[in-house]
Amino acid sequence: MAWFIVKRIAYSLLILLGVTFITYLLLYMIPADPARQIAGRSATAEVVANIRHQLGLDLPFYEQYFRYLVNLVQGDFGRSYVQRSEVATLIEARLGPTLQLMVAGIGFELLIGVTLGIVAALKRNSVLDQLLMAFSFIGVSSPHFIAAMLALYFFAVQLEWFPLGGYGEVKHLMLPAITLGVLGSGWYSRMVRSSMIEVLHQDFIRTARAKGLKRLRVLLRHVLPNAIIPVIPMIGIDIGIFMSGLVVVEAVFGWPGLGQLAWQAIQQVDIPVIVGVTTLSAVAIILGNLVADLAVLFVDPRIDINKS
Amino acid sequence: MKNTLKGFALSALCVAIGGQALAQGTPQPGGEIVVTYQNDVATLDPAIGYDWQNWSMIKSLFDGLMDYEPGTTELKNDLAEHYEISEDGLTYTFTLRPGVTFHNGREMTAADVKYSLERTVNPQTQSPGAGFFSSIEGFDEVSSGEVTELSGISTPDERTVEITLRAPDATFLHVMALNFASVVPKEAVEAAGRDFGKQPVGTGAYMLDEWALGQRLTFVKNEEYFREGIPYIDKIDFEIGQEPNVALMRLQRGEVDIAGDGIPPAQFLQFRDDPEFENLMVVGDQLHTGYMTLNVNIPPLDDVKVRQAINMAINKERIVRVINGRATPANQPLPPAMPGYDESYEGYPYDVEQARALLEEAGYGDGFETELFVMNTDPQPRIAQAIQQDLAQIGIEADITSLAQANVIAAGGEQDQAPLIWSGGMAWIADFPDPSNFWGPILGCEGAVPGGWNWAWYCNEELDARADEANAMVDPDQQEERAELWGEIFTTAMDDAPWVPIFNEQRFTVHSARMGGDDALYVDPVHVPVNYDYIWVK
């Protein structure tokens with residue numbers, strides 16, 4: 001077990017190294033000159049060269065990257081070119097809101113996805129099943145920007161059930177979280193549906209029914225615990241997909257999270273912030289996967305890592 | 001005679017504006033308002049902030065020696081009680097207003113003015129505005145990092161600042177009104193270190209009360225402000241991260257007072273035609289011109305007839321329609337709001353026949369192939385397509401090269417790279433309301449250098465000499481004459497047709513019905529975008 005975790009962490013560090021390298025390289029190659037951007041249009045070539053030197057941008061790529069890594073290990077993400085403040089401070093201020101939205105959003109994904117998946121599996125091949133699966137298909141394929149705007153328009157402007165964007169209270173959280181939940185629930189409902197159908201055909205289910213257990217009891221005690229297992233590692237994978245949705249949804253709802261920070265940084269070519277947020281997202285995805293993999297071990301005793 | 005007439009017209013205009021202000025009621029103090037923006041406020045450090053969003057916020061927190069009358073481009077004294085210019089135009093002596101205190105309670109003195117200017121010029125500060133102060137004696141030594149004190153600034157006593165220039169510069173008072181010349185207290189800057197932009201301390205009408213990163217900034221009234229009764233509003237909440245469409249919906253509901261980002265282009269027509277917004281939308285001129293540069297070094301554009309033909313071939317009205325009428329067609333480099341703009345100048349007419357004839361005369365009756373560079377974000381490529389179609393009418397085949405902003409700027413800065421460039425998204429908005437800012441960097445010889453902004457590579461030494469002459473006219477009595485001279489310089493340059501001036505963009509601000517104050521304050525040409533010090537709540 002300990003060996004398994006050590007191995008996974010070692011792999012994770014390698015992946016992180018790769019992510020920072022690729023991001024740094026891409027941003028190194030794009031045609032924006034941060035020194036010129038900072039110096040402004042009235043600057044002479046001399047002033048630009050001076051700033052480039054101060055930022056270490058006149059060094060060869062490998063040296064710049066190495067410096068970045070050394071600082072990163074010490075928890076120093078560098079300074080934003082546009083905001084001129086520590087990237088760590090900027091990220092710190094955004095972390096709380098993003099975690100809130102993430103927990104609530106994934107919560108709604110699971111709630112909606114698992115419920116719909118169960119209903120669809122029980123009523124499989126009926127009209128209801130087809131409708132629910134069509135719904136989940138539309139959900140996962142809608143563009144987040146349009147869907148978020150529509151949700152805002154109907155539920156906040158027309159019906160006035162929710163406030164128009166903002167941050168702070170539970171009422172502000174609900175609409176963006178439900179929007180993200182509906183859009184992402186399709187993955188789970190499809191997974192739960194097929195996994196349920198598979199379990200329902202197993203012999204032990206027939207046995208349970210045959211020994212006289214009620215339908216509901218069979219469902220809750222025997223079917224669901226078995227059908228839910230593939231959902232757990234999926235949450236780990238979902239964190240990555242979820243983050244890309246966050247970028248857009250946060251921008252529409254004015255949610256002060258990491259997604260919005262990334263969105264602005266990309267538009268302003270604020271390289272240290274882009275690299276910082278990307279690295280952090282990579283950490284989140286890797287951690288999510290690790291935790292999900294470990295959680296499965298506890299939920300399903302049949303899986304034995306020593307054998308694999 | 002002409003000047004007298006201008007004077008009459010100006011005073012008539014003033015009376016008209018004054019009358020309107022009275023009709024709208026008198027300002028009353030008090031009230032709290034909400035202003036929204038999509039992007040985070042980058043920094044409130046006056047030496048660094050250089051975007052349209054934080055420009056007037058910084059002006060509200062800080063003061064410089066000079067400022068402008070609210071809603072106009074007319075200079076007025078700010079922290080300077082009065083100033084004197086020496087006979088040779090080289091020495092400016094400013095006497096400071098007594099009893100002005102910083103937000104931390106300390107009195108502002110001459111030493112603070114000197115420190116603030118030197119801080120901006122110091123390369124360690126990495127100020128994008130350092131170059132504006134190059135006319136001060138000792139600039140080069142500080143800029144290169146050799147010393148930290150400007151030899152041209154002295155402080156004979158606590159209330160007097162003497163600034164010596166290397167050459168007479170009529171724009172110097174405008175430079176003193178830039179945010180980069182704001183006065184900051186040394187002890188607060190040093191205490192905050194590199195985060196002064198997040199903990200600003202100035203002498204301005206408002207103080208920063210709270211900054212919740214990525215969420216909200218709160219400005220509160222500075223009760224000790226040296227202008228009696230200003231500002232009117234007690235508290236401004238800047239809510240950050242609001243999508244512009246959502247901000248407008250909230251404004252309709254009365255939750256927002258000023259939608260800082262204005263109207264998204266896609267919704268523009270809908271809002272302009274909506275009667276509900278008729279009284280809430282304010283239109284103003286910007287000190288902006290959008291133009292196409294014609295590189296005078298690249299054949300066949302080196303032939304003035306070809307350049308004139310291109311000027312006549314472009315249908316500017318149609319290009320303005322491409323951007324939903326958010327601009328007015330231009331015929332000269334200077335925008336109408338700029339002193340020196342020549343209203344009588346007619347420019348090149350839109351005349352395809354005459355354009356063809358001129359091309360024929362130049363020996364290009366069958367046209368030629370060329371390349372048009374453009375920045376790759378909407379609406380710039382669409383504007384480039386309109387230009388391309390216009391050029392095709394006279395047989396010129398222009399390939400569109402659509403690139404990232406930095407690449408277009410780099411191509412323009414090389415002598416033989418870009419024959420045609422559409423300036424949209426990059427150039428040019430004046431930093432201060434003086435015509436010289438539209439000459440040197442973008443039409444004068446000083447800008448026609450590698451890495452410069454004179455993408456037409458137009459260098460007319462005779463006109464440059466006249467520009468120097470105009471810049472040396474420092475005397476306040478000469479200002480009208482100076483503006484006229486500038487107007488002539490620009491219209492004479494148009495004879496050589498290095499540019500096709502295409503349009504002057506306008507600005508649109510939407511505010512709630514309860515907001516009071518003259519319309520000009522909401523589209524202030526200098527306190528961009530809104531002059532927060534003088535608006536009030538009904």
# chains A, B, ... in the order shown; residues from 1 in each chain; ligands from 1
call {"tool": "interface_residues", "arguments": {"of": "chain B", "to": "chain A", "cutoff": "8 Å", "atoms": "only C-alpha atoms", "output": "count of residues only"}}
result
33
call {"tool": "residues_around", "arguments": {"residues": "Pro185 (chain B)", "least_positions_apart": "6", "cutoff": "9 Å", "atoms": "only C-alpha atoms", "output": "ChimeraX atom specification"}}
result
/B:102,104,106,108,112-113,115-116,201-202
call {"tool": "write_last_selection", "arguments": {"atoms": "C-alpha atoms", "output": "mmCIF file, in the first residue's frame"}}
result
data_model
loop_
_atom_site.group_PDB
_atom_site.id
_atom_site.type_symbol
_atom_site.label_atom_id
_atom_site.label_comp_id
_atom_site.auth_asym_id
_atom_site.auth_seq_id
_atom_site.Cartn_x
_atom_site.Cartn_y
_atom_site.Cartn_z
ATOM 1 C CA PHE B 102 -1.904 62.834 2.421
ATOM 2 C CA ASN B 104 -2.039 59.224 6.225
ATOM 3 C CA ARG B 106 1.091 64.077 6.864
ATOM 4 C CA MET B 108 2.521 67.259 1.429
ATOM 5 C CA ASP B 112 7.366 64.752 -2.020
ATOM 6 C CA VAL B 113 6.936 66.190 -5.511
ATOM 7 C CA TYR B 115 10.622 62.183 -4.811
ATOM 8 C CA SER B 116 7.543 61.177 -6.810
ATOM 9 C CA VAL B 201 -1.860 56.570 -0.265
ATOM 10 C CA GLY B 202 -2.329 59.917 -1.987
#
call {"tool": "select_by_dssp", "arguments": {"residues": "region 209-238 of chain B", "states": "strand (DSSP E)", "output": "ChimeraX atom specification"}}
result
/B:209-212,216-221,235-238
call {"tool": "select_by_dssp", "arguments": {"residues": "region 37-215 of chain B", "states": "helix (DSSP H, G or I)", "output": "ChimeraX atom specification"}}
result
/B:55-61,110-121,123-125,130-133,139-143,172-176,179-181,186-198
call {"tool": "residues_around", "arguments": {"residues": "Asn471 (chain B)", "least_positions_apart": "4", "cutoff": "7 Å", "atoms": "only C-alpha atoms", "output": "NGL selection string"}}
result
:B and (169-170 or 467)
call {"tool": "atom_distance", "arguments": {"atom1": "CA of Glu74 (chain B)", "atom2": "CA of His288 (chain B)"}}
result
17.5 Å
call {"tool": "residues_around", "arguments": {"residues": "Leu128 (chain A)", "least_positions_apart": "5", "cutoff": "12 Å", "atoms": "only C-alpha atoms", "output": "VMD selection string"}}
result
chain A and resid 116 to 123 133 to 135
call {"tool": "write_last_selection", "arguments": {"atoms": "N, CA and C atoms", "output": "PDB file, in the first residue's frame"}}
result
ATOM      1  N   LEU A 116     -30.660  10.486 -12.128  1.00  0.00           N
ATOM      2  CA  LEU A 116     -31.164  10.238 -13.475  1.00  0.00           C
ATOM      3  C   LEU A 116     -30.711   8.880 -13.984  1.00  0.00           C
ATOM      4  N   GLY A 117     -29.463   8.517 -13.651  1.00  0.00           N
ATOM      5  CA  GLY A 117     -28.924   7.236 -14.102  1.00  0.00           C
ATOM      6  C   GLY A 117     -29.734   6.077 -13.535  1.00  0.00           C
ATOM      7  N   ILE A 118     -30.105   6.164 -12.245  1.00  0.00           N
ATOM      8  CA  ILE A 118     -30.880   5.092 -11.623  1.00  0.00           C
ATOM      9  C   ILE A 118     -32.249   4.977 -12.281  1.00  0.00           C
ATOM     10  N   VAL A 119     -32.906   6.149 -12.431  1.00  0.00           N
ATOM     11  CA  VAL A 119     -34.240   6.131 -13.038  1.00  0.00           C
ATOM     12  C   VAL A 119     -34.180   5.543 -14.445  1.00  0.00           C
ATOM     13  N   ALA A 120     -33.164   5.986 -15.219  1.00  0.00           N
ATOM     14  CA  ALA A 120     -33.067   5.515 -16.602  1.00  0.00           C
ATOM     15  C   ALA A 120     -32.810   4.015 -16.644  1.00  0.00           C
ATOM     16  N   ALA A 121     -31.998   3.504 -15.712  1.00  0.00           N
ATOM     17  CA  ALA A 121     -31.672   2.076 -15.718  1.00  0.00           C
ATOM     18  C   ALA A 121     -32.892   1.242 -15.349  1.00  0.00           C
ATOM     19  N   LEU A 122     -33.654   1.748 -14.374  1.00  0.00           N
ATOM     20  CA  LEU A 122     -34.834   0.992 -13.956  1.00  0.00           C
ATOM     21  C   LEU A 122     -35.895   0.980 -15.051  1.00  0.00           C
ATOM     22  N   LYS A 123     -36.010   2.095 -15.752  1.00  0.00           N
ATOM     23  CA  LYS A 123     -37.027   2.181 -16.816  1.00  0.00           C
ATOM     24  C   LYS A 123     -36.361   2.015 -18.179  1.00  0.00           C
ATOM     25  N   MET A 133     -31.668  10.250 -21.356  1.00  0.00           N
ATOM     26  CA  MET A 133     -30.353  10.121 -21.993  1.00  0.00           C
ATOM     27  C   MET A 133     -30.136  11.240 -23.006  1.00  0.00           C
ATOM     28  N   ALA A 134     -31.212  11.644 -23.686  1.00  0.00           N
ATOM     29  CA  ALA A 134     -31.096  12.771 -24.613  1.00  0.00           C
ATOM     30  C   ALA A 134     -30.717  14.024 -23.826  1.00  0.00           C
ATOM     31  N   PHE A 135     -31.359  14.194 -22.657  1.00  0.00           N
ATOM     32  CA  PHE A 135     -31.083  15.341 -21.796  1.00  0.00           C
ATOM     33  C   PHE A 135     -29.614  15.366 -21.382  1.00  0.00           C
TER      34      PHE A 135
END
call {"tool": "residues_around", "arguments": {"residues": "Arg482 (chain B)", "least_positions_apart": "6", "cutoff": "12 Å", "atoms": "only C-alpha atoms", "output": "PyMOL selection string"}}
result
chain B and resi 170-171+339-341+434-436+466-476+488-489
call {"tool": "residues_around", "arguments": {"residues": "region 279-291 of chain A", "least_positions_apart": "4", "cutoff": "10 Å", "atoms": "only C-alpha atoms", "output": "number ranges by chain"}}
result
A: 5, 8-9, 11-13, 15-17, 19-21, 23, 72, 77, 91, 232-244, 258-259, 273-275, 295-296
call {"tool": "closest_residue", "arguments": {"among": "B:Pro200, B:Gly444, B:Gly325, B:Pro529", "to": "Ala259 (chain B)", "atoms": "only C-alpha atoms"}}
result
B:Pro529
